[in-house]
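Structure data (TSV, C-alpha atoms and all ligand atoms) from structure.tsv:
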```
chain	number	residue	atom	x	y	z
A	30	LYS	CA	173.57	158.13	187.42
A	31	ALA	CA	175.25	154.82	186.51
A	32	LEU	CA	178.72	153.86	187.61
A	33	LEU	CA	181.11	151.13	186.59
A	34	VAL	CA	183.34	149.73	189.36
A	35	SER	CA	186.10	147.34	188.26
A	36	GLY	CA	187.49	144.75	190.69
A	37	ALA	CA	184.15	144.86	192.49
A	38	SER	CA	184.92	141.81	194.64
A	39	GLY	CA	187.86	143.49	196.40
A	40	PHE	CA	188.21	144.70	200.00
A	41	VAL	CA	188.09	148.37	199.00
A	42	ALA	CA	185.60	148.02	196.14
A	43	LEU	CA	182.98	146.32	198.32
A	44	HIS	CA	182.94	149.41	200.54
A	45	ILE	CA	182.78	151.64	197.45
A	46	VAL	CA	179.84	149.69	196.01
A	47	GLY	CA	178.05	149.84	199.39
A	48	GLU	CA	178.64	153.59	199.63
A	49	LEU	CA	177.36	154.16	196.09
A	50	LEU	CA	174.23	152.06	196.65
A	51	SER	CA	173.54	153.98	199.85
A	52	GLU	CA	173.74	157.21	197.82
A	53	GLY	CA	171.25	155.84	195.28
A	54	PHE	CA	173.61	155.33	192.34
A	55	GLU	CA	173.07	152.61	189.76
A	56	VAL	CA	176.13	150.36	190.01
A	57	VAL	CA	177.64	147.96	187.50
A	58	GLY	CA	180.52	145.96	188.97
A	59	THR	CA	183.09	143.90	187.09
A	60	VAL	CA	184.18	140.63	188.69
A	61	ARG	CA	186.11	137.69	187.32
A	62	SER	CA	183.44	134.99	187.52
A	63	GLN	CA	179.70	134.42	187.54
A	64	ALA	CA	180.04	132.66	190.90
A	65	GLN	CA	181.48	135.86	192.46
A	66	ALA	CA	178.70	137.89	190.83
A	67	ASP	CA	175.96	135.62	192.20
A	68	LYS	CA	177.41	135.62	195.72
A	69	LEU	CA	177.80	139.41	195.85
A	70	LEU	CA	174.41	140.10	194.32
A	71	ALA	CA	172.73	138.02	197.03
A	72	ARG	CA	174.73	139.75	199.79
A	73	PHE	CA	174.04	143.29	198.56
A	74	LYS	CA	170.37	142.52	197.89
A	75	ALA	CA	170.05	141.63	201.57
A	76	LYS	CA	171.42	145.07	202.55
A	77	TYR	CA	169.92	147.15	199.74
A	78	PRO	CA	166.79	145.34	198.48
A	79	HIS	CA	165.93	148.30	196.22
A	80	GLY	CA	169.48	149.10	195.11
A	81	SER	CA	170.32	148.94	191.42
A	82	LEU	CA	173.28	146.56	191.08
A	83	THR	CA	174.40	144.34	188.22
A	84	TYR	CA	177.66	142.59	187.40
A	85	SER	CA	179.63	142.14	184.23
A	86	ILE	CA	182.26	139.39	183.97
A	87	VAL	CA	185.82	140.47	183.11
A	88	PRO	CA	188.05	137.45	183.80
A	89	ASP	CA	191.36	139.27	183.24
A	90	ILE	CA	191.82	143.03	183.06
A	91	SER	CA	195.22	142.65	181.36
A	92	LYS	CA	193.82	141.14	178.15
A	93	ASP	CA	193.52	143.60	175.24
A	94	CYS	CA	190.08	145.22	175.05
A	95	ALA	CA	189.17	143.57	178.37
A	96	PHE	CA	186.42	146.10	179.11
A	97	ASP	CA	185.04	146.60	175.59
A	98	LYS	CA	182.23	144.10	176.11
A	99	VAL	CA	181.08	145.92	179.22
A	100	PHE	CA	180.66	149.22	177.36
A	101	GLU	CA	179.11	147.48	174.35
A	102	THR	CA	176.42	145.89	176.52
A	103	VAL	CA	175.77	148.63	179.09
A	104	ASP	CA	175.29	151.93	177.32
A	105	ASP	CA	174.50	154.46	180.02
A	106	ILE	CA	177.62	154.53	182.20
A	107	ASP	CA	178.37	158.05	183.43
A	108	TYR	CA	181.33	157.41	185.73
A	109	VAL	CA	184.06	154.80	186.01
A	110	LEU	CA	185.96	153.74	189.12
A	111	HIS	CA	188.89	151.51	188.23
A	112	THR	CA	189.97	149.74	191.42
A	113	ALA	CA	191.09	146.37	190.03
A	114	SER	CA	194.79	145.68	190.42
A	115	PRO	CA	196.71	142.73	191.82
A	116	PHE	CA	197.48	143.12	195.52
A	117	SER	CA	198.47	139.66	196.78
A	118	PHE	CA	201.86	138.19	197.57
A	119	GLY	CA	203.31	134.69	197.22
A	120	LEU	CA	201.83	134.02	193.77
A	121	GLU	CA	203.57	131.91	191.12
A	122	GLY	CA	204.81	133.53	187.92
A	123	THR	CA	207.05	136.35	186.79
A	124	LEU	CA	206.81	139.71	188.55
A	125	GLU	CA	205.85	141.29	185.20
A	126	ASP	CA	202.96	138.90	184.68
A	127	ILE	CA	201.69	139.04	188.26
A	128	TYR	CA	201.96	142.78	188.95
A	129	LEU	CA	203.17	145.05	186.16
A	130	ILE	CA	201.01	143.90	183.24
A	131	PRO	CA	197.64	143.70	185.05
A	132	ALA	CA	198.24	147.02	186.82
A	133	VAL	CA	199.42	149.02	183.81
A	134	ASN	CA	197.54	147.29	180.98
A	135	GLY	CA	194.42	146.91	183.13
A	136	THR	CA	194.37	150.67	183.70
A	137	LEU	CA	195.10	151.48	180.06
A	138	ASN	CA	192.51	148.98	178.85
A	139	MET	CA	189.87	150.73	180.94
A	140	LEU	CA	190.85	154.19	179.68
A	141	LYS	CA	191.02	152.99	176.06
A	142	SER	CA	187.54	151.44	176.25
A	143	VAL	CA	186.05	154.58	177.75
A	144	HIS	CA	187.77	156.76	175.14
A	145	LYS	CA	186.70	154.54	172.24
A	146	LEU	CA	183.22	153.38	173.28
A	147	ALA	CA	181.80	155.64	175.99
A	148	PRO	CA	182.06	159.35	175.16
A	149	GLN	CA	179.29	160.07	177.70
A	150	VAL	CA	181.57	159.12	180.63
A	151	SER	CA	182.47	162.36	182.39
A	152	LYS	CA	184.81	161.10	185.07
A	153	VAL	CA	187.26	158.24	185.56
A	154	VAL	CA	188.73	157.61	189.00
A	155	VAL	CA	191.72	155.29	189.21
A	156	THR	CA	192.60	153.70	192.54
A	157	SER	CA	196.32	154.28	192.76
A	158	SER	CA	198.36	154.03	195.96
A	159	MET	CA	200.67	155.96	198.22
A	160	ALA	CA	203.18	153.56	196.65
A	161	SER	CA	203.22	156.02	193.75
A	162	ILE	CA	204.00	158.91	196.14
A	163	GLN	CA	206.29	157.28	198.70
A	164	ASN	CA	210.03	157.91	198.47
A	165	PHE	CA	211.33	154.91	200.39
A	166	ASP	CA	214.78	156.41	200.89
A	167	LYS	CA	213.12	159.28	202.80
A	168	VAL	CA	211.56	157.13	205.52
A	169	GLY	CA	212.63	158.76	208.78
A	170	ASP	CA	213.58	162.07	207.09
A	171	ALA	CA	211.38	164.67	208.78
A	172	SER	CA	212.49	167.30	206.26
A	173	PHE	CA	210.94	165.33	203.35
A	174	ILE	CA	207.18	165.78	203.34
A	175	HIS	CA	205.14	163.54	201.02
A	176	THR	CA	202.26	165.47	199.43
A	177	GLU	CA	199.81	165.16	196.54
A	178	SER	CA	202.51	166.29	194.13
A	179	THR	CA	205.25	163.88	195.24
A	180	TRP	CA	206.13	160.95	192.94
A	181	ASN	CA	207.99	157.78	193.80
A	182	PRO	CA	210.98	157.77	191.41
A	183	ILE	CA	211.03	153.94	191.14
A	184	GLN	CA	211.37	152.37	187.67
A	185	TRP	CA	210.62	148.77	186.75
A	186	ASP	CA	214.28	147.85	186.17
A	187	GLU	CA	215.02	148.54	189.86
A	188	VAL	CA	212.53	145.90	191.02
A	189	THR	CA	214.11	142.94	192.84
A	190	ASP	CA	211.23	141.41	194.83
A	191	GLU	CA	207.45	141.17	194.96
A	192	ASN	CA	207.00	144.10	197.35
A	193	MET	CA	208.93	146.38	195.03
A	194	ALA	CA	207.05	144.91	192.07
A	195	TYR	CA	203.71	145.84	193.63
A	196	VAL	CA	204.94	149.33	194.47
A	197	ALA	CA	206.37	149.92	190.98
A	198	SER	CA	203.24	148.48	189.33
A	199	LYS	CA	201.06	151.04	191.12
A	200	LYS	CA	203.34	153.98	190.34
A	201	LEU	CA	203.69	152.99	186.67
A	202	ALA	CA	199.93	152.37	186.31
A	203	GLU	CA	199.08	155.79	187.73
A	204	LYS	CA	201.71	157.44	185.55
A	205	ALA	CA	200.30	155.63	182.50
A	206	ALA	CA	196.81	156.94	183.31
A	207	TRP	CA	197.94	160.59	183.52
A	208	ASP	CA	200.01	160.16	180.33
A	209	PHE	CA	197.01	158.67	178.50
A	210	VAL	CA	194.87	161.68	179.41
A	211	LYS	CA	197.65	164.06	178.35
A	212	ASP	CA	198.32	162.31	175.04
A	213	ASN	CA	194.73	161.67	173.88
A	214	ASP	CA	191.86	163.99	173.23
A	215	VAL	CA	189.71	162.41	175.94
A	216	LYS	CA	186.23	163.61	176.86
A	217	PHE	CA	186.44	162.53	180.50
A	218	LYS	CA	188.28	164.04	183.47
A	219	LEU	CA	190.62	161.92	185.57
A	220	ASN	CA	191.21	161.78	189.32
A	221	THR	CA	193.33	159.29	191.20
A	222	VAL	CA	193.08	158.19	194.82
A	223	THR	CA	196.42	157.39	196.47
A	224	PRO	CA	195.82	155.62	199.79
A	225	PRO	CA	198.58	154.19	201.99
A	226	TYR	CA	197.95	150.91	203.91
A	227	ILE	CA	194.20	150.48	204.23
A	228	PHE	CA	192.77	149.05	207.44
A	229	GLY	CA	189.25	148.84	208.82
A	230	PRO	CA	186.44	146.30	208.84
A	231	GLN	CA	185.46	144.05	205.96
A	232	TYR	CA	182.28	145.31	204.31
A	233	PHE	CA	180.68	141.89	204.82
A	234	GLU	CA	181.62	140.64	208.28
A	235	GLU	CA	181.72	137.03	207.08
A	236	ASP	CA	184.85	137.98	205.08
A	237	ALA	CA	186.74	138.72	208.34
A	238	SER	CA	188.99	135.69	208.66
A	239	LEU	CA	192.43	135.37	210.24
A	240	ASP	CA	193.50	132.83	207.64
A	241	LYS	CA	192.09	134.26	204.42
A	242	ILE	CA	191.91	138.02	204.30
A	243	ASN	CA	192.99	140.81	201.96
A	244	THR	CA	196.67	141.75	202.02
A	245	SER	CA	196.61	144.98	204.07
A	246	SER	CA	194.21	143.63	206.73
A	247	GLY	CA	196.53	140.63	206.84
A	248	LEU	CA	199.05	142.77	208.75
A	249	ILE	CA	196.59	143.07	211.64
A	250	ALA	CA	195.46	139.44	211.34
A	251	ALA	CA	199.13	138.39	211.66
A	252	LEU	CA	199.44	140.34	214.92
A	253	LEU	CA	196.43	138.47	216.30
A	254	LYS	CA	198.27	135.25	215.49
A	255	SER	CA	201.56	136.45	217.03
A	256	ASP	CA	203.39	134.48	219.70
A	257	PRO	CA	202.60	135.82	223.20
A	258	LYS	CA	206.23	135.20	224.16
A	259	ASP	CA	207.52	137.42	221.35
A	260	THR	CA	209.38	140.43	222.77
A	261	HIS	CA	211.05	141.82	219.64
A	262	LEU	CA	210.26	145.34	218.45
A	263	PHE	CA	207.73	145.06	215.61
A	264	SER	CA	209.42	147.67	213.43
A	265	GLU	CA	208.41	146.82	209.84
A	266	PRO	CA	206.64	148.33	208.00
A	267	SER	CA	206.55	151.90	209.20
A	268	LEU	CA	204.42	153.87	206.80
A	269	CYS	CA	200.99	155.53	206.75
A	270	ALA	CA	197.49	154.22	207.20
A	271	VAL	CA	193.93	155.11	206.26
A	272	ASP	CA	190.53	153.59	206.97
A	273	VAL	CA	188.75	151.72	204.18
A	274	ARG	CA	185.54	153.68	204.83
A	275	ASP	CA	187.42	156.93	204.13
A	276	VAL	CA	188.90	155.47	200.95
A	277	ALA	CA	185.39	154.59	199.75
A	278	LYS	CA	184.16	158.11	200.54
A	279	ALA	CA	187.12	159.64	198.71
A	280	HIS	CA	186.19	157.72	195.55
A	281	CYS	CA	182.70	159.27	195.81
A	282	PHE	CA	184.14	162.77	196.33
A	283	ALA	CA	186.30	162.21	193.27
A	284	LEU	CA	183.14	161.93	191.14
A	285	ARG	CA	182.19	165.55	191.79
A	286	PRO	CA	182.48	167.71	188.68
A	287	GLU	CA	184.39	170.44	190.52
A	288	ILE	CA	187.12	167.96	191.53
A	289	SER	CA	189.25	167.12	188.49
A	290	ASN	CA	192.89	166.38	187.65
A	291	GLU	CA	193.57	165.67	191.31
A	292	ARG	CA	195.41	163.02	193.24
A	293	LEU	CA	193.40	162.50	196.42
A	294	PHE	CA	195.97	161.55	199.04
A	295	VAL	CA	193.75	159.94	201.66
A	296	ALA	CA	195.83	159.19	204.75
A	297	SER	CA	195.15	159.47	208.47
A	298	GLU	CA	198.27	158.69	210.48
A	299	ARG	CA	201.70	157.15	210.37
A	300	PHE	CA	201.87	153.68	211.85
A	301	THR	CA	204.27	150.95	212.88
A	302	LEU	CA	203.32	147.36	213.63
A	303	GLN	CA	204.48	147.90	217.21
A	304	GLY	CA	202.13	150.89	217.47
A	305	ILE	CA	199.24	148.74	216.21
A	306	LEU	CA	200.19	145.99	218.68
A	307	ASP	CA	200.16	148.58	221.49
A	308	ILE	CA	196.64	149.68	220.44
A	309	ILE	CA	195.38	146.09	220.36
A	310	ASN	CA	196.89	145.26	223.76
A	311	LYS	CA	195.44	148.44	225.29
A	312	ASP	CA	191.95	148.14	223.74
A	313	PHE	CA	191.53	144.37	224.07
A	314	PRO	CA	192.80	143.43	227.55
A	315	GLU	CA	191.14	140.03	227.09
A	316	LEU	CA	193.97	139.19	224.67
A	317	ASP	CA	196.54	139.41	227.47
A	318	GLY	CA	198.75	136.32	227.26
A	319	LYS	CA	197.27	135.34	223.87
A	320	ILE	CA	199.21	137.65	221.54
A	321	ALA	CA	202.63	139.30	221.58
A	322	LYS	CA	203.37	142.54	223.38
A	323	GLY	CA	206.59	143.22	221.47
A	324	GLN	CA	208.23	146.26	223.04
A	325	PRO	CA	205.44	148.58	224.20
A	326	GLU	CA	206.28	152.26	223.61
A	327	GLY	CA	209.26	151.14	221.49
A	328	GLU	CA	207.61	152.46	218.33
A	329	LYS	CA	208.79	155.99	219.12
A	330	SER	CA	212.28	154.89	218.04
A	331	ILE	CA	211.14	153.57	214.63
A	332	PRO	CA	211.62	155.93	211.68
A	333	THR	CA	208.44	156.57	209.68
A	334	SER	CA	207.32	158.62	206.67
A	335	TYR	CA	206.25	162.23	206.96
A	336	PHE	CA	203.32	163.51	204.96
A	337	ASP	CA	201.01	166.49	204.54
A	338	ASN	CA	197.69	165.85	202.80
A	339	SER	CA	196.01	169.11	203.81
A	340	LYS	CA	195.23	169.82	200.13
A	341	THR	CA	193.16	166.63	199.92
A	342	LYS	CA	191.37	167.37	203.20
A	343	GLU	CA	190.50	170.81	201.85
A	344	ILE	CA	189.27	169.38	198.51
A	345	MET	CA	187.11	166.99	200.55
A	346	GLY	CA	185.53	169.90	202.42
A	347	GLY	CA	187.63	169.84	205.61
A	348	TYR	CA	187.28	166.07	205.86
A	349	GLU	CA	188.41	164.34	209.08
A	350	PHE	CA	189.89	160.89	208.54
A	351	VAL	CA	189.04	158.01	210.86
A	352	PRO	CA	191.86	157.80	213.46
A	353	LEU	CA	194.21	154.81	213.26
A	354	GLU	CA	193.06	153.55	216.67
A	355	THR	CA	189.44	153.36	215.49
A	356	SER	CA	190.43	151.51	212.29
A	357	VAL	CA	192.48	149.01	214.28
A	358	PHE	CA	189.77	148.61	216.93
A	359	ASP	CA	187.04	147.97	214.34
A	360	THR	CA	189.23	145.53	212.39
A	361	VAL	CA	190.16	143.51	215.47
A	362	LYS	CA	186.64	143.59	216.95
A	363	GLN	CA	185.22	142.14	213.73
A	364	LEU	CA	187.89	139.43	213.56
A	365	LEU	CA	187.24	138.46	217.18
A	366	GLU	CA	183.47	138.46	216.64
A	367	GLN	CA	183.92	136.08	213.75
A	368	GLY	CA	185.41	133.68	216.30
A	369	ASN	CA	188.78	133.61	214.64
A	370	LEU	CA	191.08	133.58	217.64
A	371	LYS	CA	191.72	130.31	219.43
B	401	LIG	P1	191.90	143.16	196.77
B	401	LIG	O1	192.93	142.14	196.44
B	401	LIG	O2	190.91	142.87	197.84
B	401	LIG	O3	191.11	143.58	195.46
B	401	LIG	C1	191.71	143.61	194.20
B	401	LIG	C2	190.64	143.44	193.15
B	401	LIG	O4	191.24	143.46	191.85
B	401	LIG	C3	189.90	142.11	193.27
B	401	LIG	O5	188.56	142.31	192.92
B	401	LIG	C4	190.61	141.25	192.22
B	401	LIG	O6	189.81	140.18	191.75
B	401	LIG	C5	190.84	142.28	191.14
B	401	LIG	N1	191.90	141.88	190.21
B	401	LIG	C6	193.22	141.80	190.47
B	401	LIG	N2	193.87	141.38	189.38
B	401	LIG	C7	192.94	141.19	188.41
B	401	LIG	C8	192.99	140.75	187.05
B	401	LIG	N3	194.13	140.43	186.45
B	401	LIG	N4	191.82	140.67	186.37
B	401	LIG	C9	190.64	140.98	186.96
B	401	LIG	N5	190.54	141.42	188.24
B	401	LIG	C10	191.68	141.51	188.94
B	401	LIG	O7	192.72	144.47	197.12
B	401	LIG	P2	192.25	145.87	197.74
B	401	LIG	O8	190.79	145.97	197.77
B	401	LIG	O9	193.02	146.07	198.96
B	401	LIG	O10	192.83	146.86	196.64
B	401	LIG	C11	191.98	147.57	195.74
B	401	LIG	C12	192.78	148.65	195.05
B	401	LIG	O11	193.32	149.53	196.04
B	401	LIG	C13	193.97	148.11	194.26
B	401	LIG	O12	194.12	148.93	193.13
B	401	LIG	C14	195.14	148.32	195.22
B	401	LIG	O13	196.36	148.42	194.55
B	401	LIG	C15	194.71	149.64	195.86
B	401	LIG	N6	195.34	149.90	197.14
B	401	LIG	C16	195.11	149.07	198.20
B	401	LIG	C17	195.70	149.34	199.42
B	401	LIG	C18	195.46	148.49	200.62
B	401	LIG	O14	196.17	148.69	201.64
B	401	LIG	N7	194.50	147.58	200.62
B	401	LIG	C19	196.60	150.50	199.59
B	401	LIG	C20	196.73	151.32	198.42
B	401	LIG	C21	196.12	151.03	197.25
B	401	LIG	P3	189.83	138.74	192.49
B	401	LIG	O15	189.41	139.01	193.91
B	401	LIG	O16	188.87	137.93	191.74
B	401	LIG	O17	191.25	138.28	192.40
```
I need this file expressed as structure tokens, please.
Amino acid sequence: KALLVSGASGFVALHIVGELLSEGFEVVGTVRSQAQADKLLARFKAKYPHGSLTYSIVPDISKDCAFDKVFETVDDIDYVLHTASPFSFGLEGTLEDIYLIPAVNGTLNMLKSVHKLAPQVSKVVVTSSMASIQNFDKVGDASFIHTESTWNPIQWDEVTDENMAYVASKKLAEKAAWDFVKDNDVKFKLNTVTPPYIFGPQYFEEDASLDKINTSSGLIAALLKSDPKDTHLFSEPSLCAVDVRDVAKAHCFALRPEISNERLFVASERFTLQGILDIINKDFPELDGKIAKGQPEGEKSIPTSYFDNSKTKEIMGGYEFVPLETSVFDTVKQLLEQGNLK
């Protein structure tokens, strides 16, 4: 079976591509440039010499008909995983151009191309986010349980900064995908995957760098660069986490014919930065005096989000998510092995 994975150079997508190759799928990835394609092809060939992997260049998912060429040139795609979406901060431009348009139009462009050009596609999986579930005013409210059916009420006109813009872009993109399926006579089934903060090792260890790393792993990288004299309580953010290897597996589960019209809410545990710092200081005693301690045990006083994703675990056959401590340990171990810490 052949699969199309958009955004195939990303932190999450690299794990997805690796997982698919290990399961023997034929994979077509979209990346923005030939240079990215060449680099990734060489790296995957080293791991999977007999794997079937090709790349198609899609420089900008927000342009009209961005994916048409892919479906016009590759005619046997059975499944589509749309992971591409902007997840970086500090970029120049308007919040609409940086976040909203690529997220929403990118998703709609993929669905439109499949609908128009690829009637054989049976399943589309869109990588959404817990951002589209999270009710930020309910952080700390133990009576409000986030589940697969919860929606973040945010609208674009409430956005005031880049964090909110990212969050709203993900919610509006996922909403647009479900609306597209409802409003069009599509031949494919849709699932979405709604992970919270994703931690865990880089698929290729050479990508583990304290200075240039994907946004979510950057939270842990920043702790490794923290000032050892820092004694403030690391209280923000206080949300949920999941391991990247589980997110990749969830995308594969979402391809199964019996799983359709679902939001797979992959999440392991709630976390705070102080809690992560406590794990690092406990598991890596060699970092004593090199990074901050913050206020050990102080995390118990930080309000976090409550969630119940038992429906997703059941859909995934009683799946056990990688514990937060393991994700943090593996992330830090890889960063230290890459010789990143002075
Ligand atoms: P990355 O930034 O590592 O990957 C994003 C991918 O999308 C990259 O391949 C990037 O290409 C591509 N992309 C972004 N904008 C465009 C565009 N305009 N045109 C073409 N390609 C584009 O992020 P992650 O791997 O962390 O995220 C992957 C998905 O998971 C995203 O949908 C994200 O919203 C979602 N997600 C991530 C979470 C996390 O904590 N990491 C949490 C919840 C959801 P390039 O590298 O060339 O810029």
So that I can check the surroundings of segment 181-196 of chain A, please list as a CSV table (one decimal) with C-alpha atoms, in the coordinates of the input every protein, DNA and RNA residue that reaches within 6 Å of it, counting all atoms listed in the file and ignoring chain neighbours fewer than 4 positions away.
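Everything below was put into result_2.csv:
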```
chain,number,residue,atom,x,y,z
A,128,TYR,CA,202.0,142.8,189.0
A,160,ALA,CA,203.2,153.6,196.6
A,161,SER,CA,203.2,156.0,193.8
A,162,ILE,CA,204.0,158.9,196.1
A,163,GLN,CA,206.3,157.3,198.7
A,164,ASN,CA,210.0,157.9,198.5
```
Given a cut-off of 8 Å, what residues near ligand LIG 401 (chain B) show up using all atoms listed in the file, put as a VMD selection string? chain A and resid 35 to 43 59 to 62 65 87 to 91 111 to 117 127 131 to 132 135 155 to 160 195 199 223 to 228 243 to 246 270 273
Residues as selected, C-alpha atoms, written as an mmCIF file, in the frame of the given file, can you do that?
```
data_model
loop_
_atom_site.group_PDB
_atom_site.id
_atom_site.type_symbol
_atom_site.label_atom_id
_atom_site.label_comp_id
_atom_site.auth_asym_id
_atom_site.auth_seq_id
_atom_site.Cartn_x
_atom_site.Cartn_y
_atom_site.Cartn_z
ATOM 1 C CA SER A 35 186.100 147.340 188.260
ATOM 2 C CA GLY A 36 187.490 144.750 190.690
ATOM 3 C CA ALA A 37 184.150 144.860 192.490
ATOM 4 C CA SER A 38 184.920 141.810 194.640
ATOM 5 C CA GLY A 39 187.860 143.490 196.400
ATOM 6 C CA PHE A 40 188.210 144.700 200.000
ATOM 7 C CA VAL A 41 188.090 148.370 199.000
ATOM 8 C CA ALA A 42 185.600 148.020 196.140
ATOM 9 C CA LEU A 43 182.980 146.320 198.320
ATOM 10 C CA THR A 59 183.090 143.900 187.090
ATOM 11 C CA VAL A 60 184.180 140.630 188.690
ATOM 12 C CA ARG A 61 186.110 137.690 187.320
ATOM 13 C CA SER A 62 183.440 134.990 187.520
ATOM 14 C CA GLN A 65 181.480 135.860 192.460
ATOM 15 C CA VAL A 87 185.820 140.470 183.110
ATOM 16 C CA PRO A 88 188.050 137.450 183.800
ATOM 17 C CA ASP A 89 191.360 139.270 183.240
ATOM 18 C CA ILE A 90 191.820 143.030 183.060
ATOM 19 C CA SER A 91 195.220 142.650 181.360
ATOM 20 C CA HIS A 111 188.890 151.510 188.230
ATOM 21 C CA THR A 112 189.970 149.740 191.420
ATOM 22 C CA ALA A 113 191.090 146.370 190.030
ATOM 23 C CA SER A 114 194.790 145.680 190.420
ATOM 24 C CA PRO A 115 196.710 142.730 191.820
ATOM 25 C CA PHE A 116 197.480 143.120 195.520
ATOM 26 C CA SER A 117 198.470 139.660 196.780
ATOM 27 C CA ILE A 127 201.690 139.040 188.260
ATOM 28 C CA PRO A 131 197.640 143.700 185.050
ATOM 29 C CA ALA A 132 198.240 147.020 186.820
ATOM 30 C CA GLY A 135 194.420 146.910 183.130
ATOM 31 C CA VAL A 155 191.720 155.290 189.210
ATOM 32 C CA THR A 156 192.600 153.700 192.540
ATOM 33 C CA SER A 157 196.320 154.280 192.760
ATOM 34 C CA SER A 158 198.360 154.030 195.960
ATOM 35 C CA MET A 159 200.670 155.960 198.220
ATOM 36 C CA ALA A 160 203.180 153.560 196.650
ATOM 37 C CA TYR A 195 203.710 145.840 193.630
ATOM 38 C CA LYS A 199 201.060 151.040 191.120
ATOM 39 C CA THR A 223 196.420 157.390 196.470
ATOM 40 C CA PRO A 224 195.820 155.620 199.790
ATOM 41 C CA PRO A 225 198.580 154.190 201.990
ATOM 42 C CA TYR A 226 197.950 150.910 203.910
ATOM 43 C CA ILE A 227 194.200 150.480 204.230
ATOM 44 C CA PHE A 228 192.770 149.050 207.440
ATOM 45 C CA ASN A 243 192.990 140.810 201.960
ATOM 46 C CA THR A 244 196.670 141.750 202.020
ATOM 47 C CA SER A 245 196.610 144.980 204.070
ATOM 48 C CA SER A 246 194.210 143.630 206.730
ATOM 49 C CA ALA A 270 197.490 154.220 207.200
ATOM 50 C CA VAL A 273 188.750 151.720 204.180
#
```
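Using only C-alpha atoms, the shortest contact distance between Leu33 of chain A and any of A:Ile86, A:Ala321, A:Leu365, A:Val99 is found at A:Val99.
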Test item: residues at most 9 Å from His144 of chain A, all atoms listed in the file, excluding those fewer than 3 positions along its chain, as a compact mmCIF listing (two decimals) with C-alpha atoms, in the frame of the given file:
```txt
# COMPACT_ATOMS: atom_id res chain seq x y z
CA MET A 139 189.87 150.73 180.94
CA LEU A 140 190.85 154.19 179.68
CA LYS A 141 191.02 152.99 176.06
CA ALA A 147 181.80 155.64 175.99
CA PRO A 148 182.06 159.35 175.16
CA VAL A 150 181.57 159.12 180.63
CA ASN A 213 194.73 161.67 173.88
CA ASP A 214 191.86 163.99 173.23
CA VAL A 215 189.71 162.41 175.94
CA LYS A 216 186.23 163.61 176.86
CA PHE A 217 186.44 162.53 180.50
```
Separation of atom CA of Pro230 of chain A from atom CA of Asp359 of chain A, in Å and rounded to one decimal: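 Pair atom CA of Pro230 of chain A / atom CA of Asp359 of chain A returns 5.8 Å.
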Leaving out Ser267 of chain A and any residue of its chain fewer than 5 positions from it, which residues lie within 6 Å of it when counting only C-alpha atoms, given as a VMD selection string? chain A and resid 300 to 301 333
Find the residues near Ala250 of chain A: any atom within 12 Å, counting all atoms listed in the file, skip ones fewer than 6 places away on the same chain, and give them as a CSV table (one decimal) with C-alpha atoms, in the frame of the given file.
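And here is the file that came out, result.csv:
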```csv
chain,number,residue,atom,x,y,z
A,228,PHE,CA,192.8,149.0,207.4
A,229,GLY,CA,189.2,148.8,208.8
A,230,PRO,CA,186.4,146.3,208.8
A,237,ALA,CA,186.7,138.7,208.3
A,238,SER,CA,189.0,135.7,208.7
A,239,LEU,CA,192.4,135.4,210.2
A,240,ASP,CA,193.5,132.8,207.6
A,241,LYS,CA,192.1,134.3,204.4
A,242,ILE,CA,191.9,138.0,204.3
A,243,ASN,CA,193.0,140.8,202.0
A,244,THR,CA,196.7,141.8,202.0
A,302,LEU,CA,203.3,147.4,213.6
A,305,ILE,CA,199.2,148.7,216.2
A,306,LEU,CA,200.2,146.0,218.7
A,309,ILE,CA,195.4,146.1,220.4
A,320,ILE,CA,199.2,137.6,221.5
A,357,VAL,CA,192.5,149.0,214.3
A,360,THR,CA,189.2,145.5,212.4
A,361,VAL,CA,190.2,143.5,215.5
A,362,LYS,CA,186.6,143.6,217.0
A,363,GLN,CA,185.2,142.1,213.7
A,364,LEU,CA,187.9,139.4,213.6
A,365,LEU,CA,187.2,138.5,217.2
A,369,ASN,CA,188.8,133.6,214.6
A,370,LEU,CA,191.1,133.6,217.6
```
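Going from atom CA of Gly323 of chain A to atom CA of Asp259 of chain A covers 5.9 Å.
The nearest approach to Ile308 of chain A among the residues A:Leu129, A:Ile288, A:Leu262, A:Leu353, with only C-alpha atoms taken into account, belongs to A:Leu353.
The coordinates place atom CA of Thr221 of chain A at 7.9 Å from atom CA of Asn290 of chain A.
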For segment 34-38 of chain A, where the input has fewer atoms than it should, I would like N, CA and C atoms rebuilt and written as a short mmCIF file (atom, residue, chain, number, x, y, z; two decimals), keeping the file's coordinate frame.
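Output saved as out.cif:
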```cif
data_model
loop_
_atom_site.label_atom_id
_atom_site.label_comp_id
_atom_site.auth_asym_id
_atom_site.auth_seq_id
_atom_site.Cartn_x
_atom_site.Cartn_y
_atom_site.Cartn_z
N VAL A 34 182.27 149.95 188.38
CA VAL A 34 183.34 149.73 189.36
C VAL A 34 184.07 148.45 188.98
N SER A 35 185.34 148.56 188.60
CA SER A 35 186.10 147.34 188.26
C SER A 35 186.67 146.74 189.54
N GLY A 36 186.94 145.44 189.50
CA GLY A 36 187.49 144.75 190.69
C GLY A 36 186.50 144.76 191.83
N ALA A 37 185.22 144.60 191.51
CA ALA A 37 184.15 144.86 192.49
C ALA A 37 184.03 143.80 193.58
N SER A 38 184.92 142.81 193.55
CA SER A 38 184.92 141.81 194.64
C SER A 38 185.96 142.14 195.70
#
```
